[in-house]
Each structure stands twice: as C-alpha cells, then as structure tokens.
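For reference, upload.csv (CSV, C-alpha atoms):
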```csv
chain,number,residue,atom,x,y,z
A,1,MET,CA,44.9,20.0,-68.0
A,2,THR,CA,41.4,19.0,-66.8
A,3,GLY,CA,39.2,21.8,-68.3
A,4,MET,CA,37.6,24.9,-66.9
A,5,LEU,CA,34.2,26.6,-66.4
A,6,GLN,CA,32.7,29.5,-68.3
A,7,ILE,CA,29.6,31.5,-67.7
A,8,LYS,CA,27.7,32.8,-70.7
A,9,GLY,CA,28.8,36.4,-71.4
A,10,GLU,CA,32.0,36.1,-69.3
A,11,LEU,CA,35.5,34.9,-70.0
A,12,ALA,CA,36.4,31.4,-68.9
A,13,THR,CA,38.3,30.9,-65.6
A,14,TYR,CA,42.0,30.2,-66.2
A,15,TYR,CA,44.5,28.7,-63.7
A,16,LYS,CA,47.3,31.3,-64.1
A,17,GLU,CA,46.3,34.0,-66.5
A,18,THR,CA,43.7,34.6,-69.2
A,19,PRO,CA,45.3,34.4,-72.7
A,20,ARG,CA,44.8,37.2,-75.2
A,21,LYS,CA,42.9,35.0,-77.6
A,22,ALA,CA,40.2,34.2,-75.0
A,23,SER,CA,36.7,35.3,-76.0
A,24,THR,CA,33.1,35.3,-74.7
A,25,ASP,CA,31.8,33.4,-77.8
A,26,TRP,CA,28.9,31.2,-77.0
A,27,PRO,CA,28.8,28.2,-77.1
A,28,PRO,CA,32.5,28.2,-76.3
A,29,ARG,CA,35.1,26.1,-78.2
A,30,PHE,CA,35.9,22.7,-76.7
A,31,MET,CA,32.6,22.8,-74.8
A,32,LYS,CA,31.7,19.4,-73.4
A,33,PHE,CA,28.2,20.3,-72.1
A,34,ILE,CA,26.2,23.3,-70.7
A,35,PHE,CA,24.3,23.6,-67.4
A,36,HIS,CA,21.1,25.6,-67.5
A,37,LEU,CA,20.5,26.9,-64.0
A,38,GLY,CA,17.0,28.1,-63.7
A,39,GLY,CA,16.2,31.3,-61.8
A,40,LYS,CA,13.4,31.6,-59.3
A,41,ASN,CA,10.5,34.1,-59.6
A,42,GLY,CA,11.2,35.0,-63.2
A,43,GLU,CA,15.0,35.5,-62.8
A,44,PRO,CA,17.0,34.8,-66.0
A,45,VAL,CA,18.5,31.4,-66.6
A,46,THR,CA,22.3,31.2,-66.1
A,47,GLU,CA,24.2,29.1,-68.6
A,48,LEU,CA,27.4,27.4,-67.3
A,49,ALA,CA,29.7,25.6,-69.8
A,50,PHE,CA,32.3,23.0,-69.0
A,51,LEU,CA,35.3,23.2,-71.4
A,52,ASP,CA,37.9,20.5,-71.8
A,53,ALA,CA,40.1,20.4,-74.9
A,54,ARG,CA,42.2,17.4,-73.7
A,55,ARG,CA,39.1,15.4,-72.5
A,56,LEU,CA,40.8,14.6,-69.2
A,57,GLY,CA,38.2,16.1,-66.9
A,58,ARG,CA,35.1,14.4,-65.5
A,59,ILE,CA,31.8,15.8,-64.0
A,60,ARG,CA,30.0,13.8,-61.4
A,61,LEU,CA,26.6,14.5,-59.8
A,62,CYS,CA,26.8,13.5,-56.1
A,63,LYS,CA,24.6,14.0,-53.1
A,64,SER,CA,27.5,14.1,-50.7
A,65,PRO,CA,30.8,14.5,-52.6
A,66,LEU,CA,33.1,14.2,-49.5
A,67,THR,CA,31.6,10.8,-48.5
A,68,GLU,CA,31.3,9.3,-52.0
A,69,PRO,CA,33.9,8.1,-54.5
A,70,PRO,CA,36.1,9.3,-56.0
A,71,ILE,CA,36.8,12.0,-53.3
A,72,SER,CA,36.1,9.6,-50.4
A,73,THR,CA,38.8,7.2,-51.7
A,74,LEU,CA,41.6,9.9,-51.8
A,75,GLY,CA,44.5,9.7,-49.4
A,76,PHE,CA,45.7,12.3,-47.0
A,77,ASP,CA,46.5,15.9,-48.1
A,78,PRO,CA,50.2,16.7,-47.4
A,79,ILE,CA,49.3,20.2,-46.3
A,80,LEU,CA,45.9,19.9,-44.6
A,81,SER,CA,46.0,16.4,-43.1
A,82,MET,CA,49.6,15.1,-43.1
A,83,PRO,CA,49.7,12.0,-40.7
A,84,PRO,CA,52.1,12.0,-37.7
A,85,LEU,CA,55.5,10.5,-38.4
A,86,GLU,CA,54.9,7.1,-36.8
A,87,ASP,CA,51.6,6.7,-38.6
A,88,PHE,CA,53.3,7.7,-41.9
A,89,LYS,CA,56.0,5.1,-41.3
A,90,GLN,CA,53.4,2.3,-40.9
A,91,ARG,CA,51.5,3.4,-44.0
A,92,VAL,CA,54.7,3.3,-46.1
A,93,ARG,CA,56.3,0.1,-44.7
A,94,LYS,CA,53.2,-2.1,-45.3
A,95,ARG,CA,53.7,-1.6,-49.0
A,96,SER,CA,56.4,-3.4,-51.1
A,97,CYS,CA,56.2,-1.3,-54.3
A,98,PRO,CA,58.8,1.4,-55.3
A,99,ILE,CA,58.4,4.5,-53.2
A,100,LYS,CA,57.9,6.7,-56.3
A,101,ALA,CA,54.9,4.5,-57.3
A,102,LEU,CA,53.4,4.9,-53.8
A,103,LEU,CA,53.8,8.7,-53.8
A,104,LEU,CA,51.9,8.8,-57.1
A,105,ASP,CA,49.1,6.6,-55.7
A,106,GLN,CA,46.2,9.1,-55.0
A,107,SER,CA,44.7,6.7,-52.5
A,108,PHE,CA,47.9,7.1,-50.4
A,109,SER,CA,48.3,10.8,-50.7
A,110,ALA,CA,46.1,13.2,-52.7
A,111,GLY,CA,47.6,15.9,-54.9
A,112,VAL,CA,51.2,14.6,-55.3
A,113,GLY,CA,52.0,14.5,-59.0
A,114,ASN,CA,55.0,13.3,-61.0
A,115,TRP,CA,57.5,16.2,-60.6
A,116,VAL,CA,56.3,16.8,-57.0
A,117,ALA,CA,57.1,13.2,-56.1
A,118,ASP,CA,60.6,13.5,-57.7
A,119,GLU,CA,61.2,16.7,-55.8
A,120,ILE,CA,60.2,15.0,-52.5
A,121,LEU,CA,62.5,12.1,-53.2
A,122,TYR,CA,65.4,14.4,-54.2
A,123,HIS,CA,65.3,16.4,-51.0
A,124,ALA,CA,64.9,13.2,-48.9
A,125,ARG,CA,67.8,11.6,-50.7
A,126,VAL,CA,65.8,8.5,-51.6
A,127,HIS,CA,66.0,6.6,-54.9
A,128,PRO,CA,62.7,6.4,-56.8
A,129,GLU,CA,62.9,2.6,-57.0
A,130,HIS,CA,63.6,2.0,-53.4
A,131,ARG,CA,61.1,-0.5,-52.0
A,132,CYS,CA,58.8,0.9,-49.4
A,133,ASN,CA,59.2,-1.9,-46.9
A,134,THR,CA,63.0,-1.6,-46.9
A,135,LEU,CA,63.2,2.1,-46.1
A,136,SER,CA,65.1,3.0,-42.9
A,137,ASP,CA,63.8,5.2,-40.1
A,138,GLU,CA,66.0,8.0,-41.4
A,139,ASN,CA,64.7,7.6,-45.0
A,140,LEU,CA,61.1,7.9,-43.7
A,141,GLU,CA,61.8,10.8,-41.5
A,142,ASN,CA,63.4,12.7,-44.4
A,143,LEU,CA,60.4,11.7,-46.7
A,144,HIS,CA,57.9,12.9,-44.1
A,145,GLN,CA,59.6,16.3,-43.8
A,146,SER,CA,60.3,16.7,-47.5
A,147,MET,CA,56.7,15.9,-48.4
A,148,VAL,CA,55.5,18.7,-46.1
A,149,ASP,CA,58.1,21.3,-47.2
A,150,VAL,CA,57.8,20.8,-51.0
A,151,CYS,CA,54.0,20.9,-51.1
A,152,ARG,CA,53.9,23.9,-48.7
A,153,ILE,CA,56.4,26.0,-50.7
A,154,ALA,CA,54.7,25.1,-54.0
A,155,VAL,CA,51.3,26.3,-52.7
A,156,GLU,CA,52.7,29.4,-51.0
A,157,VAL,CA,54.0,30.7,-54.4
A,158,ASN,CA,50.7,29.7,-56.0
A,159,ALA,CA,52.5,27.1,-58.2
A,160,ASP,CA,54.5,29.9,-59.9
A,161,ASP,CA,57.6,27.9,-60.9
A,162,SER,CA,59.7,31.1,-61.4
A,163,LYS,CA,59.5,31.5,-57.6
A,164,PHE,CA,60.7,28.0,-56.7
A,165,PRO,CA,64.0,27.8,-54.9
A,166,GLU,CA,67.0,27.5,-57.2
A,167,ASN,CA,68.2,24.3,-55.4
A,168,TRP,CA,65.1,22.5,-56.4
A,169,LEU,CA,65.4,19.6,-58.9
A,170,PHE,CA,62.4,21.1,-60.8
A,171,LYS,CA,64.6,23.9,-62.1
A,172,HIS,CA,67.0,21.5,-63.8
A,173,ARG,CA,65.1,18.2,-64.6
A,174,TRP,CA,63.5,19.0,-67.9
A,175,GLY,CA,64.8,17.9,-71.3
A,176,LYS,CA,66.1,14.5,-70.3
A,177,GLY,CA,69.7,15.6,-70.8
A,178,LYS,CA,69.2,17.5,-74.0
A,179,LYS,CA,69.5,20.8,-72.2
A,180,LYS,CA,72.5,21.6,-69.9
A,181,HIS,CA,71.6,22.1,-66.3
A,182,THR,CA,73.4,24.0,-63.5
A,183,LEU,CA,72.4,21.9,-60.5
A,184,MET,CA,75.3,21.5,-58.1
A,185,LEU,CA,76.0,19.0,-55.4
A,186,PRO,CA,76.7,20.2,-51.8
A,187,SER,CA,80.4,19.7,-52.6
A,188,GLY,CA,80.1,22.3,-55.4
A,189,GLU,CA,80.6,19.7,-58.2
A,190,PRO,CA,78.0,19.3,-61.1
A,191,ALA,CA,75.2,16.9,-60.3
A,192,THR,CA,74.4,13.9,-62.5
A,193,ILE,CA,70.6,13.8,-63.3
A,194,LYS,CA,69.3,10.5,-64.6
A,195,TRP,CA,65.9,9.5,-65.9
A,196,ILE,CA,64.1,6.1,-65.4
A,197,THR,CA,60.6,4.9,-65.6
A,198,VAL,CA,58.9,4.1,-62.3
A,199,GLY,CA,55.2,3.5,-61.8
A,200,GLY,CA,54.6,4.2,-65.5
A,201,ARG,CA,56.1,7.7,-65.2
A,202,THR,CA,59.4,9.2,-66.2
A,203,SER,CA,61.4,9.9,-63.0
A,204,ALA,CA,64.3,12.2,-62.5
A,205,TYR,CA,66.9,11.7,-59.8
A,206,VAL,CA,70.4,12.8,-58.8
A,207,ALA,CA,72.7,9.8,-59.0
A,208,GLU,CA,75.2,11.1,-56.4
A,209,LEU,CA,72.6,11.8,-53.8
A,210,GLN,CA,69.9,9.2,-54.4
A,211,GLY,CA,72.1,6.1,-54.8
A,212,LEU,CA,71.3,2.5,-54.3
A,213,GLY,CA,72.8,0.0,-51.8
A,214,THR,CA,76.0,-2.0,-52.1
A,215,ASN,CA,76.8,-3.8,-55.3
A,216,GLY,CA,74.2,-1.9,-57.2
A,217,ASP,CA,71.3,-3.4,-55.2
A,218,ILE,CA,68.5,-1.4,-53.6
A,219,GLU,CA,69.1,-1.3,-49.9
A,220,GLY,CA,67.5,-4.2,-48.1
A,221,LYS,CA,67.3,-6.2,-51.3
A,222,ASP,CA,70.2,-8.4,-50.4
A,223,ASP,CA,68.0,-10.7,-48.4
A,224,PRO,CA,69.5,-14.3,-48.0
A,225,LYS,CA,66.1,-15.7,-48.9
A,226,LYS,CA,66.0,-13.8,-52.2
A,227,ARG,CA,69.6,-14.3,-53.3
A,228,GLY,CA,68.6,-17.2,-55.6
A,229,LYS,CA,66.2,-14.9,-57.5
A,230,ARG,CA,68.7,-12.1,-58.2
A,231,LYS,CA,69.6,-11.4,-61.8
A,232,ARG,CA,72.8,-9.7,-62.8
A,233,LYS,CA,72.6,-6.5,-64.7
A,234,THR,CA,73.9,-6.7,-68.3
A,235,ALA,CA,75.2,-4.0,-70.5
A,236,ASN,CA,71.9,-3.8,-72.4
A,237,ASP,CA,69.9,-3.1,-69.3
A,238,SER,CA,68.4,0.4,-68.6
A,239,ASP,CA,69.4,2.7,-65.8
A,240,SER,CA,67.0,0.9,-63.5
A,241,ASP,CA,68.7,-1.6,-61.1
A,242,LEU,CA,65.5,-3.4,-60.2
A,243,THR,CA,65.3,-7.0,-61.1
A,244,PRO,CA,62.7,-7.5,-63.9
A,245,LEU,CA,59.6,-9.4,-62.9
A,246,GLU,CA,60.0,-13.1,-63.4
A,247,GLU,CA,57.5,-15.1,-65.4
A,248,SER,CA,54.8,-16.5,-63.1
A,249,ALA,CA,54.1,-20.2,-62.8
A,250,ASP,CA,50.6,-19.7,-64.2
A,251,GLU,CA,52.0,-18.2,-67.3
A,252,GLU,CA,54.4,-21.1,-67.8
A,253,THR,CA,51.6,-23.7,-67.5
A,254,GLU,CA,49.5,-21.8,-70.0
A,255,LYS,CA,52.1,-22.3,-72.7
A,256,ALA,CA,51.4,-25.5,-74.6
A,257,PRO,CA,54.4,-27.7,-75.2
A,258,GLN,CA,55.6,-27.6,-78.8
A,259,ALA,CA,55.2,-30.8,-80.7
A,260,PRO,CA,58.5,-32.3,-81.9
A,261,ARG,CA,59.2,-31.7,-85.5
A,262,GLU,CA,58.8,-34.7,-87.8
A,263,LYS,CA,62.0,-35.6,-89.6
A,264,VAL,CA,61.7,-35.8,-93.3
A,265,ASN,CA,64.2,-37.8,-95.3
A,266,ILE,CA,64.8,-35.9,-98.5
A,267,LYS,CA,67.2,-37.3,-101.0
A,268,LYS,CA,69.8,-34.9,-102.1
A,269,SER,CA,69.5,-33.9,-105.7
A,270,LYS,CA,70.3,-31.0,-107.9
A,271,TYR,CA,66.6,-30.1,-107.9
A,272,PHE,CA,66.2,-29.8,-104.1
A,273,THR,CA,69.6,-28.1,-103.9
A,274,ALA,CA,68.4,-25.5,-106.4
A,275,VAL,CA,65.1,-25.0,-104.4
A,276,GLY,CA,67.1,-24.5,-101.2
A,277,ILE,CA,69.3,-21.9,-102.9
A,278,ALA,CA,66.3,-20.1,-104.4
A,279,THR,CA,64.8,-19.3,-100.9
A,280,SER,CA,67.6,-16.7,-100.4
A,281,GLY,CA,65.4,-14.3,-102.4
A,282,SER,CA,67.9,-13.5,-105.1
A,283,ARG,CA,66.5,-13.0,-108.5
A,284,ARG,CA,69.6,-14.3,-110.1
A,285,ILE,CA,69.6,-17.5,-108.2
A,286,THR,CA,65.8,-17.9,-108.9
A,287,ARG,CA,66.5,-17.9,-112.6
A,288,GLN,CA,69.3,-20.5,-112.1
A,289,MET,CA,66.9,-22.7,-110.2
A,290,SER,CA,64.3,-22.5,-113.1
A,291,ARG,CA,66.9,-23.6,-115.6
A,292,MET,CA,68.2,-26.4,-113.4
A,293,SER,CA,64.6,-27.7,-112.9
A,294,ALA,CA,64.0,-27.7,-116.6
A,295,SER,CA,67.1,-29.7,-117.3
A,296,ILE,CA,66.2,-32.3,-114.7
A,297,GLU,CA,62.7,-32.8,-116.2
A,298,LYS,CA,64.3,-33.4,-119.6
```
Now, as a test, write the supplied structure out as structure tokens.
Amino acid sequence: MTGMLQIKGELATYYKETPRKASTDWPPRFMKFIFHLGGKNGEPVTELAFLDARRLGRIRLCKSPLTEPPISTLGFDPILSMPPLEDFKQRVRKRSCPIKALLLDQSFSAGVGNWVADEILYHARVHPEHRCNTLSDENLENLHQSMVDVCRIAVEVNADDSKFPENWLFKHRWGKGKKKHTLMLPSGEPATIKWITVGGRTSAYVAELQGLGTNGDIEGKDDPKKRGKRKRKTANDSDSDLTPLEESADEETEKAPQAPREKVNIKKSKYFTAVGIATSGSRRITRQMSRMSASIEK
C-alpha cells in the first residue's frame, strides 16, 4: 500500500510475491523519483527508484531516524516493546476516547491497523466503543494479552492470512454481511457480526461476546453526574450506542439570532389567490393565473 523499491536492472521488491506482469523496464511505472548513488573510484552509479501507485508513501531524509519524527513519535511495538501490565493500564485509563480509536493511534502503539485492532478487541471481549477510562481490570488484562498474542501469531506466519487460526474474526469479518460467515460462539451457535464506525474506520465485532453495559449503555457510562446528558436511542439511530456529541456552547454563541419576520398585511383578492396557487408549479394552474390576472386588469 505504501510503495516499493526497485534497482535498475532488477525486479522491484514485493511484499508477498512478485506478479507475473512485473518487469525490469526503466524508468519503472508509478516511479515517484530515482536516487543516483555514486560509486567510488570509478565504480558505476546505482539507480534506485521509489514506486508508489497509490501515493501513500513518503520519503524523508534524516540524520538520526530513530530520534527524529515521525519514528520518534511512534508508540510501543506490541512484539518488541510491550509495556508491563500495570504500565499498560495507566496508559489506557488516562484516555477517554473509545478503545478502538486508541488502538489505532500510532502514538500509542505502533503497527496496529484496523483489522488487527478488531481482532484484539474480539479476543479480549471488549466492545470497540468502550471508553478507555471505564475499562475494568479484567478488560485491560484481556486486552494486554490479546494484543501480544494477535500480533505475535500474525508475524509468525508472515502475515499469510491463510494460516490464521479459524477462530479468528479476520476469517469471517469481510463483506459487511453480504457474505455468509461460519463463525461460531463458544456455545456452538452462530455468531452475530456487526459493523460500526469508530475512530473514522469500519469496525467489526461480535454482538454476543462484545456487548455493552446494562440498558444499552457502555459500561461505566451510567454515572449519576452524566445522567442529565444522556440521550435515548431512537429507531433511526445506527448500531452505535454512543451518545452523539452535543453542540458546544461556542458554536451556539456563534449563531446569529434570526430577525423576526415582518408581518405584511395583504388584502385577499382573486389576483393574490391566483398567485399563491401558481407557486405550486403546475403548468395548468399557471395558465389559470394568467387568465385571472388579465380579467382583473380589465
């Protein structure tokens, strides 16, 4: 998704396998720019091209990449530098956003993408919209372990999804319900996979295993101080049970009050009645209005 490198005279490096249509043509297609690496003592110059068909990749020239942004701003690596459980709990609980949004935040943990985050939450039995600062100790312990396990297994099989365990949500989450899935609950009954948008990304979860608190509220949301701000869910609402963000006071003050409409006293007459009828847009009524106006003028 973020491009690749190709040396002149060689095939480009591909993540999984080199496609049959790959070629050594130079300059290569979708080339963004070419590095010319000069040789010493008369050695030939090496040309290295950066290819990026989707224009998602970036190239930065840094003196010390590990100590300069953006790499220095990345969070912990779930495999190489997973924090201890107590440290992990503190990092999560100081945030109030939905847990799915936090897992996608690369400044919190580096390398966790959309489906990986859903997989972690599925195995931890945590709803994607559950607020970080309301997670229980059990929730956080499950998240900590699931984060390690899911990332470790995915890396061990070199991201070959055909080798992912059959009980992973990944095997059944695609299609948004258009395709039948075979994911089963521990009881042996079919699982219900739902999709919502959290953190700007489509999130899949199993309703029976990743439920919300009582009365459809996220656990910990039923705070006496917040009861006055709760909003009932209507039939037109989406699958999300989060209360929509309320309009801020600043936005309310920015709205200029509408001036009262001036009342106009219009005498009733055949002419004005005809004009009012004509606004309906009907051609037939428009013609009637014209005839009526002509008769009034006479």
Item to check | CA of His123 in chain A to CA of Ser146 in chain A, distance in Å rounded to a single decimal | outcome: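 CA of His123 in chain A sits 6.1 Å away from CA of Ser146 in chain A.
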Checklist outcome for this item: A straight line from CA of Glu129 in chain A to CA of Ser72 in chain A spans 28.5 Å
Next on the checklist: Rounded to one decimal, what separation in Å do you get between CA of Leu56 in chain A and CA of Trp115 in chain A?
Outcome noted: 18.9 Å
Item to check | Within 8 Å of Ala53 in chain A using only C-alpha atoms, minus same-chain residues under 5 positions, as a ChimeraX atom specification | outcome: /A:3,30-31
Item to check | Pick from A:Pro190, A:Pro27, A:Pro84, A:Val148 nearest to Val112 in chain A, counting all atoms listed in the file | outcome: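 That would be A:Val148, the residue with the smallest distance to Val112 in chain A.
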Checklist entry - Given the choices A:Pro128, A:Pro186, A:Gly111, A:Pro165, which gets closest to Asp77 in chain A if the distance is worked out from only C-alpha atoms? => result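 Of A:Pro128, A:Pro186, A:Gly111, A:Pro165, the one nearest Asp77 in chain A is A:Gly111, counting only C-alpha atoms.
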Checklist entry - Need the neighbours of (55.1, -1.2, -40.9): which residues are at most 12 Å away, counting all atoms listed in the file, as JSON, numbers by chain? => result {"A": [85, 86, 87, 88, 89, 90, 91, 92, 93, 94, 95, 96, 132, 133, 134, 135, 136, 137, 140]}
Checklist entry - Pick the closest to Ser81 in chain A from A:Ala110, A:Val198, A:Leu5, A:Leu121: which is it, counting all atoms listed in the file? => result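 The closest residue to Ser81 in chain A is A:Ala110.
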Enclosing box along x, y and z for every listed atom of range 48-58 of chain A, padded 4 Å each side, centre and size in Å, one decimal, as lines of an AutoDock Vina configuration file:
```
center_x = 34.8
center_y = 20.9
center_z = -70.2
size_x = 22.8
size_y = 21.0
size_z = 17.4
```
Next on the checklist: For a quick check of understanding, using only C-alpha atoms, which of A:Thr192, A:Thr24, A:Tyr205, A:Glu119 has the smallest distance to Phe164 in chain A?
Outcome noted: A:Glu119
Item to check | Residue list as a PyMOL selection string for point (65.4, 9.0, -68.1), cut-off 8 Å, only C-alpha atoms | outcome: chain A and resi 176+194-197+202-204+239
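With all atoms listed in the file taken into account, the protein and nucleic acid residues at most 12 Å from Glu166 in chain A (excluding it and anything under 3 positions from it in its own chain) are A:Asp161, A:Ser162, A:Lys163, A:Leu169, A:Phe170, A:Lys171, A:His172, A:His181, A:Thr182, A:Leu183, A:Met184.
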Checklist entry - Which one is closest to Ile59 in chain A: A:Lys100, A:Ala207, A:Phe33, A:Ser107? Count only C-alpha atoms. => result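 Checking each candidate against Ile59 in chain A, we get A:Phe33 as the closest.
Distances to Ala191 in chain A were evaluated for A:Tyr122, A:Val155, A:Leu80, A:Gly42 using only C-alpha atoms, and the minimum falls at A:Tyr122.
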With all atoms listed in the file as the counted atoms, please give the residues lying no more than 7 Å from Lys8 in chain A, apart from itself and same-chain residues fewer than 5 positions off, as a PDB file with C-alpha atoms, keeping the file's coordinate frame.
```pdb
ATOM      1  CA  TRP A  26      28.900  31.200 -77.000  1.00  0.00           C
ATOM      2  CA  GLU A  47      24.200  29.100 -68.600  1.00  0.00           C
ATOM      3  CA  LEU A  48      27.400  27.400 -67.300  1.00  0.00           C
TER       4      LEU A  48
END
```
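Using only C-alpha atoms, the residues found no farther than 8 Å from Cys151 in chain A, other than those of its own chain fewer than 5 positions away, are A:Pro78, A:Ile79, A:Val116.
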Take the residues just selected and output them with C-alpha atoms as a PDB file, in the frame of the given file.
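The file below, part.pdb, is the result:
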```pdb
ATOM      1  CA  PRO A  78      50.200  16.700 -47.400  1.00  0.00           C
ATOM      2  CA  ILE A  79      49.300  20.200 -46.300  1.00  0.00           C
ATOM      3  CA  VAL A 116      56.300  16.800 -57.000  1.00  0.00           C
TER       4      VAL A 116
END
```
Next on the checklist: Give me, as an MDAnalysis selection string, all polymer residues having an atom no more than 7 Å from Leu104 in chain A, counting all atoms listed in the file and skipping those fewer than 2 positions away in the same chain.
Outcome noted: chainID A and resid 100:102 106 112:114 117
